[in-house]
>>> print(open('target-v5.cif').read())   # mmCIF, C-alpha atoms
data_my_file
#
loop_
_atom_site.label_atom_id
_atom_site.label_comp_id
_atom_site.auth_asym_id
_atom_site.auth_seq_id
_atom_site.Cartn_x
_atom_site.Cartn_y
_atom_site.Cartn_z
CA MET A 1 4.54 19.06 3.67
CA THR A 2 7.65 17.00 4.31
CA ASN A 3 7.93 13.31 3.51
CA SER A 4 9.59 11.02 6.02
CA LYS A 5 10.95 7.54 5.42
CA LEU A 6 8.92 4.84 7.15
CA GLY A 7 9.75 1.36 8.27
CA ARG A 8 8.24 -1.63 6.49
CA ASN A 9 5.38 -2.01 8.93
CA ALA A 10 5.04 1.59 10.04
CA LEU A 11 1.64 3.24 10.14
CA VAL A 12 1.57 6.95 10.87
CA LEU A 13 -1.62 8.70 11.92
CA ARG A 14 -1.76 12.33 10.87
CA PRO A 15 -4.25 15.09 11.67
CA VAL A 16 -6.45 16.88 9.21
CA VAL A 17 -5.26 19.93 7.33
CA ALA A 18 -8.53 21.78 6.84
CA ALA A 19 -9.40 24.82 4.78
CA VAL A 20 -12.22 26.35 2.81
CA VAL A 21 -10.51 26.99 -0.49
CA GLY A 22 -13.11 27.71 -3.13
CA SER A 23 -16.14 26.33 -4.90
CA ALA A 24 -16.39 23.54 -7.46
CA VAL A 25 -18.54 20.79 -8.91
CA LEU A 26 -16.68 17.56 -9.58
CA MET A 27 -18.03 14.26 -10.83
CA ALA A 28 -16.50 10.93 -11.84
CA VAL A 29 -17.58 7.38 -12.52
CA PRO A 30 -18.22 5.48 -9.27
CA GLY A 31 -18.52 1.74 -8.93
CA PRO A 32 -21.82 -0.03 -8.27
CA ARG A 33 -23.83 1.51 -5.42
CA VAL A 34 -23.56 -0.42 -2.18
CA HIS A 35 -24.54 1.96 0.62
CA ALA A 36 -24.26 5.71 0.88
CA GLN A 37 -20.96 7.47 1.30
CA THR A 38 -20.88 11.08 2.42
CA ALA A 39 -18.23 13.71 3.04
CA ARG A 40 -18.05 12.36 6.60
CA SER A 41 -18.18 8.63 6.01
CA GLY A 42 -16.09 6.07 4.17
CA TYR A 43 -12.46 6.11 3.13
CA VAL A 44 -10.16 7.65 0.56
CA LEU A 45 -7.02 5.90 -0.72
CA VAL A 46 -4.22 7.91 -2.34
CA ALA A 47 -1.09 6.78 -4.18
CA ASN A 48 1.83 8.99 -3.11
CA GLN A 49 4.25 8.67 -6.02
CA ARG A 50 7.37 9.94 -4.23
CA SER A 51 6.70 8.51 -0.81
CA GLU A 52 6.76 4.72 -1.24
CA ASN A 53 3.39 4.59 0.47
CA ALA A 54 -0.31 5.15 0.15
CA SER A 55 -2.45 7.37 2.36
CA LEU A 56 -5.67 6.00 3.82
CA ILE A 57 -8.07 8.68 5.07
CA ASP A 58 -10.97 7.93 7.41
CA LEU A 59 -13.49 10.59 6.45
CA ALA A 60 -15.37 10.30 9.73
CA THR A 61 -12.41 11.84 11.57
CA ASP A 62 -10.11 13.00 8.74
CA SER A 63 -7.36 10.93 10.32
CA MET A 64 -4.75 9.72 7.83
CA ARG A 65 -2.32 6.85 8.01
CA PHE A 66 0.58 5.94 5.74
CA ILE A 67 0.62 2.38 4.42
CA PRO A 68 3.97 1.26 2.95
CA VAL A 69 3.31 -0.28 -0.48
CA GLY A 70 6.60 -0.14 -2.40
CA VAL A 71 8.56 2.19 -4.63
CA GLY A 72 6.62 4.46 -6.96
CA PRO A 73 2.91 3.86 -6.34
CA HIS A 74 0.86 5.58 -9.05
CA GLU A 75 -2.86 4.74 -8.97
CA ALA A 76 -5.36 3.66 -6.31
CA VAL A 77 -8.88 2.25 -6.43
CA ILE A 78 -11.34 0.97 -3.81
CA SER A 79 -13.92 -1.76 -4.42
CA PRO A 80 -17.63 -0.83 -4.43
CA SER A 81 -18.17 -2.53 -1.05
CA GLY A 82 -15.34 -0.47 0.44
CA LYS A 83 -13.53 -3.56 1.68
CA THR A 84 -10.55 -3.75 -0.67
CA GLY A 85 -8.12 -1.23 -2.08
CA VAL A 86 -5.62 -1.76 -4.87
CA VAL A 87 -2.50 0.35 -5.39
CA THR A 88 -0.38 -0.11 -8.52
CA VAL A 89 3.35 -0.11 -7.78
CA TYR A 90 4.84 1.34 -10.95
CA GLY A 91 8.36 1.96 -9.67
CA LEU A 92 10.81 4.82 -10.04
CA GLY A 93 13.73 4.46 -12.42
CA SER A 94 15.18 0.96 -12.53
CA PRO A 95 14.15 -1.76 -11.92
CA PRO A 96 10.55 -1.27 -13.08
CA GLY A 97 7.77 -2.08 -10.66
CA ASN A 98 5.50 -5.08 -11.24
CA GLU A 99 3.33 -5.37 -8.16
CA LEU A 100 -0.13 -4.64 -6.86
CA ALA A 101 -0.56 -3.86 -3.17
CA ILE A 102 -3.90 -5.21 -1.93
CA ILE A 103 -5.18 -3.15 1.00
CA ASP A 104 -7.61 -4.26 3.69
CA ILE A 105 -9.46 -0.96 4.12
CA LYS A 106 -10.99 -1.81 7.49
CA THR A 107 -7.64 -2.55 9.14
CA GLY A 108 -5.57 -0.18 7.02
CA THR A 109 -2.96 -2.81 6.23
CA VAL A 110 -1.50 -4.54 3.19
CA ARG A 111 -3.27 -7.88 2.94
CA LYS A 112 -0.95 -9.16 0.23
CA LYS A 113 1.21 -8.13 -2.67
CA ILE A 114 0.67 -9.64 -6.09
CA SER A 115 3.54 -9.93 -8.55
CA LEU A 116 2.58 -9.45 -12.18
CA GLY A 117 5.80 -11.10 -13.31
CA GLU A 118 6.81 -9.95 -16.77
CA TYR A 119 3.96 -7.42 -16.93
CA VAL A 120 5.92 -4.48 -15.59
CA ARG A 121 5.00 -0.85 -15.00
CA PRO A 122 1.42 -1.41 -13.78
CA HIS A 123 -0.44 1.87 -13.81
CA GLY A 124 -4.18 2.35 -14.33
CA ALA A 125 -6.52 -0.04 -12.54
CA ALA A 126 -10.27 -0.69 -12.40
CA PHE A 127 -12.42 -3.30 -10.70
CA MET A 128 -14.44 -5.48 -13.03
CA PRO A 129 -18.10 -4.44 -12.70
CA GLY A 130 -19.94 -6.81 -10.39
CA ASP A 131 -16.78 -8.70 -9.39
CA GLU A 132 -14.62 -7.45 -6.53
CA THR A 133 -12.16 -10.33 -6.91
CA ARG A 134 -10.81 -9.13 -10.26
CA VAL A 135 -9.18 -5.98 -11.54
CA VAL A 136 -8.00 -4.83 -14.95
CA VAL A 137 -4.57 -3.19 -14.87
CA THR A 138 -2.46 -1.59 -17.57
CA SER A 139 1.09 -2.84 -18.05
CA GLU A 140 2.49 0.27 -19.64
CA ALA A 141 5.90 -1.07 -20.62
CA THR A 142 4.61 -4.29 -22.23
CA GLN A 143 1.66 -2.69 -24.06
CA ASN A 144 -0.95 -4.93 -22.45
CA ILE A 145 -3.83 -4.90 -20.03
CA VAL A 146 -3.92 -7.76 -17.56
CA LEU A 147 -6.86 -9.31 -15.72
CA VAL A 148 -5.78 -10.13 -12.18
CA ASN A 149 -7.54 -12.40 -9.70
CA LEU A 150 -7.03 -10.82 -6.29
CA GLU A 151 -7.91 -13.99 -4.40
CA SER A 152 -5.55 -16.36 -6.20
CA GLY A 153 -2.97 -13.70 -6.93
CA GLN A 154 -2.77 -14.86 -10.54
CA VAL A 155 -2.86 -13.11 -13.90
CA GLU A 156 -5.87 -14.73 -15.57
CA GLY A 157 -5.77 -12.98 -18.91
CA VAL A 158 -3.67 -10.67 -21.04
CA VAL A 159 -4.91 -8.46 -23.88
CA PRO A 160 -2.52 -6.46 -26.08
CA THR A 161 -3.26 -2.76 -26.49
CA GLY A 162 -1.32 -2.48 -29.74
CA ALA A 163 0.08 0.88 -28.67
CA ALA A 164 2.94 2.39 -26.67
CA GLY A 165 2.54 3.77 -23.18
CA SER A 166 -0.90 2.39 -22.31
CA HIS A 167 -1.39 4.38 -19.13
CA MET A 168 -4.93 4.70 -17.76
CA VAL A 169 -7.86 2.33 -18.25
CA GLY A 170 -11.63 2.73 -18.27
CA ILE A 171 -14.26 -0.01 -18.43
CA THR A 172 -17.86 0.14 -19.63
CA ALA A 173 -20.50 -0.45 -16.94
CA ASN A 174 -21.39 -3.85 -18.43
CA GLY A 175 -17.76 -4.99 -18.23
CA THR A 176 -17.45 -5.96 -21.89
CA ARG A 177 -15.07 -3.29 -23.16
CA ALA A 178 -11.92 -1.62 -21.84
CA PHE A 179 -10.24 1.48 -23.23
CA THR A 180 -6.70 2.68 -22.53
CA SER A 181 -5.03 6.03 -23.01
CA ASP A 182 -1.81 5.46 -24.94
CA VAL A 183 0.66 8.23 -24.12
CA GLY A 184 3.43 7.11 -26.46
CA THR A 185 1.27 6.44 -29.50
CA GLY A 186 -1.15 9.29 -28.90
CA ALA A 187 -4.20 7.10 -29.18
CA VAL A 188 -6.97 5.19 -27.44
CA SER A 189 -7.03 1.40 -27.58
CA GLU A 190 -10.28 -0.56 -27.40
CA MET A 191 -10.23 -4.12 -26.03
CA ASP A 192 -12.96 -6.78 -25.94
CA LEU A 193 -12.88 -8.19 -22.40
CA VAL A 194 -15.13 -11.12 -23.28
CA LYS A 195 -13.03 -12.35 -26.20
CA LYS A 196 -9.84 -10.96 -24.63
CA ALA A 197 -8.84 -9.36 -27.91
CA LEU A 198 -7.74 -5.99 -29.23
CA VAL A 199 -10.52 -4.35 -31.23
CA ARG A 200 -8.74 -1.28 -32.61
CA VAL A 201 -6.37 1.60 -31.92
CA ILE A 202 -7.91 5.03 -32.46
CA PRO A 203 -5.51 7.96 -33.15
CA VAL A 204 -6.28 11.02 -31.01
CA GLY A 205 -3.32 13.36 -30.49
CA PRO A 206 0.10 13.60 -28.83
CA ARG A 207 0.46 12.40 -25.24
CA VAL A 208 -3.01 11.04 -24.61
CA GLU A 209 -3.22 10.44 -20.86
CA GLY A 210 -6.57 11.36 -19.31
CA ILE A 211 -9.45 9.07 -20.29
CA ALA A 212 -13.04 8.48 -19.20
CA VAL A 213 -15.69 6.13 -20.54
CA MET A 214 -19.38 6.99 -20.70
CA PRO A 215 -21.14 4.44 -18.46
CA ASN A 216 -23.25 3.11 -21.35
CA GLY A 217 -20.16 2.81 -23.52
CA SER A 218 -21.43 5.18 -26.21
CA THR A 219 -18.45 7.53 -26.11
CA VAL A 220 -14.93 7.71 -24.75
CA TRP A 221 -13.36 11.02 -23.76
CA ALA A 222 -9.58 11.36 -24.10
CA GLY A 223 -7.23 14.26 -23.42
CA SER A 224 -4.10 15.26 -25.33
CA ASN A 225 -1.61 16.84 -22.95
CA THR A 226 0.31 18.38 -25.85
CA ASN A 227 -2.61 19.86 -27.75
CA GLY A 228 -4.59 20.85 -24.66
CA THR A 229 -7.70 19.24 -26.10
CA VAL A 230 -10.26 16.62 -25.13
CA SER A 231 -11.59 14.41 -27.92
CA VAL A 232 -14.96 12.66 -27.80
CA ILE A 233 -14.89 9.30 -29.60
CA ASP A 234 -18.01 7.52 -30.86
CA THR A 235 -17.40 3.90 -29.90
CA LYS A 236 -19.66 2.54 -32.66
CA THR A 237 -17.61 4.09 -35.43
CA GLY A 238 -14.29 4.67 -33.70
CA GLN A 239 -14.35 8.25 -34.98
CA ILE A 240 -13.78 11.52 -33.13
CA VAL A 241 -17.10 13.38 -33.15
CA GLU A 242 -16.11 16.43 -31.10
CA THR A 243 -12.92 18.11 -29.89
CA LEU A 244 -12.98 20.48 -26.92
CA GLY A 245 -10.20 23.06 -26.50
CA GLY A 246 -9.10 25.63 -23.99
CA PHE A 247 -7.17 23.36 -21.61
CA SER A 248 -3.50 23.64 -20.70
CA MET A 249 -3.03 19.97 -19.79
CA PRO A 250 -6.10 17.70 -19.53
CA TYR A 251 -4.26 15.28 -17.24
CA ARG A 252 -7.22 13.35 -15.81
CA LEU A 253 -10.85 13.00 -16.87
CA ALA A 254 -13.92 11.64 -15.14
CA ILE A 255 -17.58 11.23 -16.07
CA SER A 256 -20.48 11.19 -13.65
CA ALA A 257 -22.47 8.02 -13.00
CA ASP A 258 -25.46 9.43 -14.88
CA GLY A 259 -23.24 10.41 -17.81
CA LYS A 260 -24.36 14.04 -17.75
CA MET A 261 -21.15 15.73 -16.67
CA ALA A 262 -17.42 15.37 -17.28
CA ILE A 263 -14.56 16.80 -15.24
CA VAL A 264 -11.16 17.74 -16.64
CA CYS A 265 -8.29 18.12 -14.17
CA ASP A 266 -5.80 20.62 -15.57
CA PRO A 267 -2.71 20.76 -13.30
CA GLN A 268 -0.71 23.01 -15.61
CA GLY A 269 -3.59 25.49 -15.74
CA GLU A 270 -4.29 25.00 -12.01
CA ALA A 271 -7.95 24.57 -12.83
CA ILE A 272 -10.83 22.13 -12.90
CA HIS A 273 -13.11 22.36 -15.93
CA VAL A 274 -16.71 21.16 -15.75
CA VAL A 275 -18.26 19.96 -19.01
CA ASP A 276 -21.90 19.35 -19.93
CA THR A 277 -21.62 16.08 -21.84
CA THR A 278 -24.83 16.67 -23.80
CA LEU A 279 -23.78 20.12 -24.99
CA ARG A 280 -20.12 19.05 -25.05
CA LYS A 281 -19.13 22.43 -23.72
CA VAL A 282 -17.30 23.69 -20.64
CA ILE A 283 -19.98 25.26 -18.47
CA TRP A 284 -17.63 26.63 -15.80
CA LYS A 285 -14.19 26.19 -14.28
CA LEU A 286 -12.49 26.70 -10.95
CA ASP A 287 -9.10 28.46 -11.14
CA GLY A 288 -6.10 28.59 -8.84
CA ILE A 289 -6.50 25.35 -6.91
CA GLY A 290 -2.85 24.26 -7.05
CA SER A 291 -2.24 21.51 -9.59
CA PRO A 292 -5.20 19.10 -9.37
CA ARG A 293 -4.24 15.54 -10.34
CA GLY A 294 -6.53 12.58 -9.66
CA VAL A 295 -10.29 12.77 -9.16
CA THR A 296 -12.99 10.39 -7.96
CA ILE A 297 -16.47 10.73 -6.52
CA ALA A 298 -18.50 9.16 -3.72
CA ALA A 299 -21.17 6.65 -4.66
CA ASP A 300 -23.97 9.02 -3.65
CA GLY A 301 -22.79 11.65 -6.11
CA LYS A 302 -22.58 14.38 -3.49
CA THR A 303 -18.88 14.48 -2.66
CA ALA A 304 -15.77 14.51 -4.82
CA PHE A 305 -12.16 13.88 -3.87
CA VAL A 306 -9.25 15.49 -5.76
CA THR A 307 -5.52 15.08 -5.17
CA ILE A 308 -3.61 18.36 -5.06
CA ALA A 309 0.11 18.31 -5.90
CA ASP A 310 1.20 21.82 -4.90
CA ASP A 311 -0.06 21.36 -1.33
CA PRO A 312 0.12 17.57 -0.99
CA SER A 313 -3.41 16.82 0.04
CA VAL A 314 -6.83 15.54 -0.89
CA ALA A 315 -9.41 18.24 -1.48
CA ILE A 316 -12.91 17.28 -0.36
CA VAL A 317 -15.60 18.94 -2.43
CA ASP A 318 -19.28 19.26 -1.53
CA LEU A 319 -21.05 18.85 -4.87
CA VAL A 320 -24.36 20.16 -3.55
CA SER A 321 -23.06 23.49 -2.24
CA ARG A 322 -20.32 23.51 -4.92
CA LYS A 323 -17.59 24.25 -2.41
CA LEU A 324 -14.18 22.89 -1.67
CA VAL A 325 -14.80 22.55 2.03
CA ARG A 326 -11.60 21.07 3.46
CA LYS A 327 -8.32 19.33 2.71
CA VAL A 328 -6.49 16.44 4.33
CA GLY A 329 -2.70 16.25 4.06
CA VAL A 330 -1.10 13.22 2.41
CA GLY A 331 2.36 12.18 1.15
CA ALA A 332 4.63 13.65 -1.47
CA SER A 333 3.35 13.83 -5.06
CA PRO A 334 -0.19 12.49 -4.56
CA ASP A 335 -1.73 11.28 -7.81
CA GLY A 336 -4.21 8.42 -8.13
CA VAL A 337 -7.16 8.46 -5.74
CA GLY A 338 -9.96 6.03 -4.92
CA ALA A 339 -12.95 6.49 -2.64
CA GLY A 340 -15.24 3.96 -1.02
CA VAL A 341 -17.96 3.48 1.53
CA ALA A 342 -17.13 2.31 5.06
CA PRO A 343 -16.73 -1.47 4.85
CA ARG A 344 -19.24 -3.56 6.77
#
>>> encode(input="target-v5.cif", output="structure tokens")
Amino acid sequence: MTNSKLGRNALVLRPVVAAVVGSAVLMAVPGPRVHAQTARSGYVLVANQRSENASLIDLATDSMRFIPVGVGPHEAVISPSGKTGVVTVYGLGSPPGNELAIIDIKTGTVRKKISLGEYVRPHGAAFMPGDETRVVVTSEATQNIVLVNLESGQVEGVVPTGAAGSHMVGITANGTRAFTSDVGTGAVSEMDLVKKALVRVIPVGPRVEGIAVMPNGSTVWAGSNTNGTVSVIDTKTGQIVETLGGFSMPYRLAISADGKMAIVCDPQGEAIHVVDTTLRKVIWKLDGIGSPRGVTIAADGKTAFVTIADDPSVAIVDLVSRKLVRKVGVGASPDGVGAGVAPR
């Protein structure tokens, strides 16, 4: 799929690229349940790293529009109500990016851009549980997470991660703890969001990038891209209690809302691995799906959305029938993906 340059206010509507590709079960941690999202309702927001835009997909019609957001968007999330999207503008090369693009999902437009000032290279993002006006964002280059008020456009708090390359972020369901994957240090950082303080840095392995937090906060799962392993960390002790192998590159991780299943996206192995979190074993995998990158799941737990790099698209997976039922084309180098219900 080719990538065209767009004007500042251009919105391009594109048709669906549909295909039945295979079968899979994918699960990730959704936000608080608001109203049901299905494979044919709600929206998906994708950060297209090489396209200077995000893709917004209306699942009712599979229509897709490009929304210009800035150079080098990396991650995308949608609020639980489905009203607001956030895209982190990381940048490409120099100068480093330092903005968040705040998307009005209903109109498919950028409502505002928020400058993070000195907190450059924003990457992972997550809404604070129960509060759609605030997000936690990693500032990879400054080794911090920042708490951003989307209404005021201000950085309200900064917490050091104590590690290099803090990339992705996960938050416990009660909103008291945040964990980052630290690519440079090869570790996971734990931060107290109430006290706004670093708790500890937990060594894991080289190039830790994928991370997922059990909803109850009991464990954190982190992948080492170099070792091809996923480590399970007990958050009470800060110790690794299990290490799963057999992956080529565990690039992104996700855990289901009930905490029973984890998904490992393995773009180098062109596979998705499904893990039983109680057994801590891979129970099956889907091969040959073309470099899966980001993953998220609908609030009803029945549909998953996965960005595919080799054929720039979002794969829509029916979790009940365990089939990849269709794909919708997006921009070049799709990575981060968020899904949300249709805003009311």
>>> resolve_selection(input="target-v5.cif", expression="the PyMOL selection byres ((chain A and resi 195) around 12)", output="compact mmCIF listing (two decimals) with C-alpha atoms, in the coordinates of the input")
# COMPACT_ATOMS: atom_id res chain seq x y z
CA GLY A 157 -5.77 -12.98 -18.91
CA VAL A 158 -3.67 -10.67 -21.04
CA VAL A 159 -4.91 -8.46 -23.88
CA GLY A 175 -17.76 -4.99 -18.23
CA THR A 176 -17.45 -5.96 -21.89
CA ARG A 177 -15.07 -3.29 -23.16
CA ALA A 178 -11.92 -1.62 -21.84
CA MET A 191 -10.23 -4.12 -26.03
CA ASP A 192 -12.96 -6.78 -25.94
CA LEU A 193 -12.88 -8.19 -22.40
CA VAL A 194 -15.13 -11.12 -23.28
CA LYS A 196 -9.84 -10.96 -24.63
CA ALA A 197 -8.84 -9.36 -27.91
CA LEU A 198 -7.74 -5.99 -29.23
CA VAL A 199 -10.52 -4.35 -31.23
>>> closest_atom_pairs(input="target-v5.cif", of="region 64-86 of chain A", to="region 135-142 of chain A", cutoff="12 Å", atoms="only C-alpha atoms", output="JSON lines")
{"residue": "A:His74", "atom": "CA", "partner": "A:Thr138", "partner_atom": "CA", "distance": 11.6}
{"residue": "A:Glu75", "atom": "CA", "partner": "A:Val137", "partner_atom": "CA", "distance": 10.0}
{"residue": "A:Ala76", "atom": "CA", "partner": "A:Val137", "partner_atom": "CA", "distance": 11.0}
{"residue": "A:Val77", "atom": "CA", "partner": "A:Val135", "partner_atom": "CA", "distance": 9.7}
{"residue": "A:Ile78", "atom": "CA", "partner": "A:Val135", "partner_atom": "CA", "distance": 10.6}
{"residue": "A:Ser79", "atom": "CA", "partner": "A:Val135", "partner_atom": "CA", "distance": 9.5}
{"residue": "A:Thr84", "atom": "CA", "partner": "A:Val135", "partner_atom": "CA", "distance": 11.2}
{"residue": "A:Gly85", "atom": "CA", "partner": "A:Val135", "partner_atom": "CA", "distance": 10.6}
{"residue": "A:Val86", "atom": "CA", "partner": "A:Val135", "partner_atom": "CA", "distance": 8.7}
>>> resolve_selection(input="target-v5.cif", expression="the PyMOL selection byres ((chain A and resi 120-124) around 9)", output="ChimeraX atom specification")
/A:73-76,87-91,96-100,116-119,125-126,136-142,145,166-170,180,336
>>> closest_residue(input="target-v5.cif", among="A:Glu156, A:Leu56, A:Val201, A:Pro95", to="Val110 (chain A)", atoms="only C-alpha atoms")
A:Leu56
>>> closest_residue(input="target-v5.cif", among="A:Val69, A:Val275, A:Ala315, A:Ala299", to="Leu244 (chain A)", atoms="all atoms listed in the file")
A:Val275
>>> resolve_selection(input="target-v5.cif", expression="the PyMOL selection byres ((chain A and resi 268-271) around 12)", output="PyMOL selection string")
chain A and resi 22-26+225-226+228+246-252+263-267+272-274+284-293+306+308-310
>>> write_last_selection(input="target-v5.cif", atoms="C-alpha atoms", output="short mmCIF file (atom, residue, chain, number, x, y, z; two decimals), keeping the file's coordinate frame")
data_model
loop_
_atom_site.label_atom_id
_atom_site.label_comp_id
_atom_site.auth_asym_id
_atom_site.auth_seq_id
_atom_site.Cartn_x
_atom_site.Cartn_y
_atom_site.Cartn_z
CA GLY A 22 -13.11 27.71 -3.13
CA SER A 23 -16.14 26.33 -4.90
CA ALA A 24 -16.39 23.54 -7.46
CA VAL A 25 -18.54 20.79 -8.91
CA LEU A 26 -16.68 17.56 -9.58
CA ASN A 225 -1.61 16.84 -22.95
CA THR A 226 0.31 18.38 -25.85
CA GLY A 228 -4.59 20.85 -24.66
CA GLY A 246 -9.10 25.63 -23.99
CA PHE A 247 -7.17 23.36 -21.61
CA SER A 248 -3.50 23.64 -20.70
CA MET A 249 -3.03 19.97 -19.79
CA PRO A 250 -6.10 17.70 -19.53
CA TYR A 251 -4.26 15.28 -17.24
CA ARG A 252 -7.22 13.35 -15.81
CA ILE A 263 -14.56 16.80 -15.24
CA VAL A 264 -11.16 17.74 -16.64
CA CYS A 265 -8.29 18.12 -14.17
CA ASP A 266 -5.80 20.62 -15.57
CA PRO A 267 -2.71 20.76 -13.30
CA ILE A 272 -10.83 22.13 -12.90
CA HIS A 273 -13.11 22.36 -15.93
CA VAL A 274 -16.71 21.16 -15.75
CA TRP A 284 -17.63 26.63 -15.80
CA LYS A 285 -14.19 26.19 -14.28
CA LEU A 286 -12.49 26.70 -10.95
CA ASP A 287 -9.10 28.46 -11.14
CA GLY A 288 -6.10 28.59 -8.84
CA ILE A 289 -6.50 25.35 -6.91
CA GLY A 290 -2.85 24.26 -7.05
CA SER A 291 -2.24 21.51 -9.59
CA PRO A 292 -5.20 19.10 -9.37
CA ARG A 293 -4.24 15.54 -10.34
CA VAL A 306 -9.25 15.49 -5.76
CA ILE A 308 -3.61 18.36 -5.06
CA ALA A 309 0.11 18.31 -5.90
CA ASP A 310 1.20 21.82 -4.90
#
>>> atom_distance(input="target-v5.cif", atom1="CA of Gly340 (chain A)", atom2="CA of Lys260 (chain A)")
21.6 Å
>>> closest_residue(input="target-v5.cif", among="A:Leu253, A:Val71, A:Met261, A:Val183", to="Ser94 (chain A)", atoms="all atoms listed in the file")
A:Val71
>>> atom_distance(input="target-v5.cif", atom1="CA of Ile102 (chain A)", atom2="CA of Ser41 (chain A)")
21.4 Å
>>> residues_around(input="target-v5.cif", residues="Gln239 (chain A)", least_positions_apart="6", cutoff="10 Å", atoms="all atoms listed in the file", output="ChimeraX atom specification")
/A:202-204,219,231-233
>>> residues_around(input="target-v5.cif", residues="Phe179 (chain A)", least_positions_apart="6", cutoff="9 Å", atoms="only C-alpha atoms", output="ChimeraX atom specification")
/A:161,168-172,188-191,211-213,220
>>> residues_near_point(input="target-v5.cif", point="(-13.9, 14.6, -0.7)", cutoff="6 Å", atoms="only C-alpha atoms", output="ChimeraX atom specification")
/A:39,303-305,315-317
>>> atom_distance(input="target-v5.cif", atom1="CA of Asp258 (chain A)", atom2="CA of Asn216 (chain A)")
9.3 Å
>>> closest_residue(input="target-v5.cif", among="A:Ala164, A:Leu147, A:Leu319, A:Ala187", to="Gly223 (chain A)", atoms="only C-alpha atoms")
A:Ala187
>>> closest_residue(input="target-v5.cif", among="A:Val230, A:Leu324, A:Val314, A:Val282", to="Gly294 (chain A)", atoms="only C-alpha atoms")
A:Val314
>>> residues_around(input="target-v5.cif", residues="Gly108 (chain A)", least_positions_apart="2", cutoff="10 Å", atoms="all atoms listed in the file", output="PyMOL selection string")
chain A and resi 11+45+55-58+64-67+84-85+103-106+110-111
>>> closest_residue(input="target-v5.cif", among="A:Val341, A:Ser224, A:Glu132, A:Ser152", to="Thr185 (chain A)", atoms="all atoms listed in the file")
A:Ser224
>>> build_atoms(input="target-v5.cif", residues="region 144-158 of chain A", atoms="N, CA and C atoms", output="PDB file, in the coordinates of the input")
ATOM      1  N   ASN A 144       0.130  -3.983 -22.709  1.00  0.00           N
ATOM      2  CA  ASN A 144      -0.950  -4.930 -22.450  1.00  0.00           C
ATOM      3  C   ASN A 144      -1.849  -4.390 -21.336  1.00  0.00           C
ATOM      4  N   ILE A 145      -3.068  -4.938 -21.267  1.00  0.00           N
ATOM      5  CA  ILE A 145      -3.830  -4.900 -20.030  1.00  0.00           C
ATOM      6  C   ILE A 145      -3.882  -6.321 -19.500  1.00  0.00           C
ATOM      7  N   VAL A 146      -3.890  -6.436 -18.179  1.00  0.00           N
ATOM      8  CA  VAL A 146      -3.920  -7.760 -17.560  1.00  0.00           C
ATOM      9  C   VAL A 146      -5.129  -7.853 -16.643  1.00  0.00           C
ATOM     10  N   LEU A 147      -5.761  -9.018 -16.628  1.00  0.00           N
ATOM     11  CA  LEU A 147      -6.860  -9.310 -15.720  1.00  0.00           C
ATOM     12  C   LEU A 147      -6.296 -10.109 -14.566  1.00  0.00           C
ATOM     13  N   VAL A 148      -6.418  -9.551 -13.353  1.00  0.00           N
ATOM     14  CA  VAL A 148      -5.780 -10.130 -12.180  1.00  0.00           C
ATOM     15  C   VAL A 148      -6.828 -10.606 -11.196  1.00  0.00           C
ATOM     16  N   ASN A 149      -6.679 -11.844 -10.737  1.00  0.00           N
ATOM     17  CA  ASN A 149      -7.540 -12.400  -9.700  1.00  0.00           C
ATOM     18  C   ASN A 149      -6.920 -12.075  -8.347  1.00  0.00           C
ATOM     19  N   LEU A 150      -7.589 -11.266  -7.556  1.00  0.00           N
ATOM     20  CA  LEU A 150      -7.030 -10.820  -6.290  1.00  0.00           C
ATOM     21  C   LEU A 150      -7.010 -11.924  -5.243  1.00  0.00           C
ATOM     22  N   GLU A 151      -7.881 -12.900  -5.367  1.00  0.00           N
ATOM     23  CA  GLU A 151      -7.910 -13.990  -4.400  1.00  0.00           C
ATOM     24  C   GLU A 151      -6.774 -14.976  -4.633  1.00  0.00           C
ATOM     25  N   SER A 152      -6.606 -15.394  -5.874  1.00  0.00           N
ATOM     26  CA  SER A 152      -5.550 -16.360  -6.200  1.00  0.00           C
ATOM     27  C   SER A 152      -4.198 -15.699  -6.399  1.00  0.00           C
ATOM     28  N   GLY A 153      -4.216 -14.396  -6.670  1.00  0.00           N
ATOM     29  CA  GLY A 153      -2.970 -13.700  -6.930  1.00  0.00           C
ATOM     30  C   GLY A 153      -2.396 -13.986  -8.303  1.00  0.00           C
ATOM     31  N   GLN A 154      -3.225 -14.450  -9.220  1.00  0.00           N
ATOM     32  CA  GLN A 154      -2.770 -14.860 -10.540  1.00  0.00           C
ATOM     33  C   GLN A 154      -3.254 -13.908 -11.629  1.00  0.00           C
ATOM     34  N   VAL A 155      -2.441 -13.798 -12.681  1.00  0.00           N
ATOM     35  CA  VAL A 155      -2.860 -13.110 -13.900  1.00  0.00           C
ATOM     36  C   VAL A 155      -3.691 -14.106 -14.709  1.00  0.00           C
ATOM     37  N   GLU A 156      -4.968 -13.794 -14.903  1.00  0.00           N
ATOM     38  CA  GLU A 156      -5.870 -14.730 -15.570  1.00  0.00           C
ATOM     39  C   GLU A 156      -6.008 -14.467 -17.066  1.00  0.00           C
ATOM     40  N   GLY A 157      -5.641 -13.284 -17.486  1.00  0.00           N
ATOM     41  CA  GLY A 157      -5.770 -12.980 -18.910  1.00  0.00           C
ATOM     42  C   GLY A 157      -4.924 -11.794 -19.272  1.00  0.00           C
ATOM     43  N   VAL A 158      -4.492 -11.757 -20.526  1.00  0.00           N
ATOM     44  CA  VAL A 158      -3.670 -10.670 -21.040  1.00  0.00           C
ATOM     45  C   VAL A 158      -4.225 -10.271 -22.406  1.00  0.00           C
TER      46      VAL A 158
END
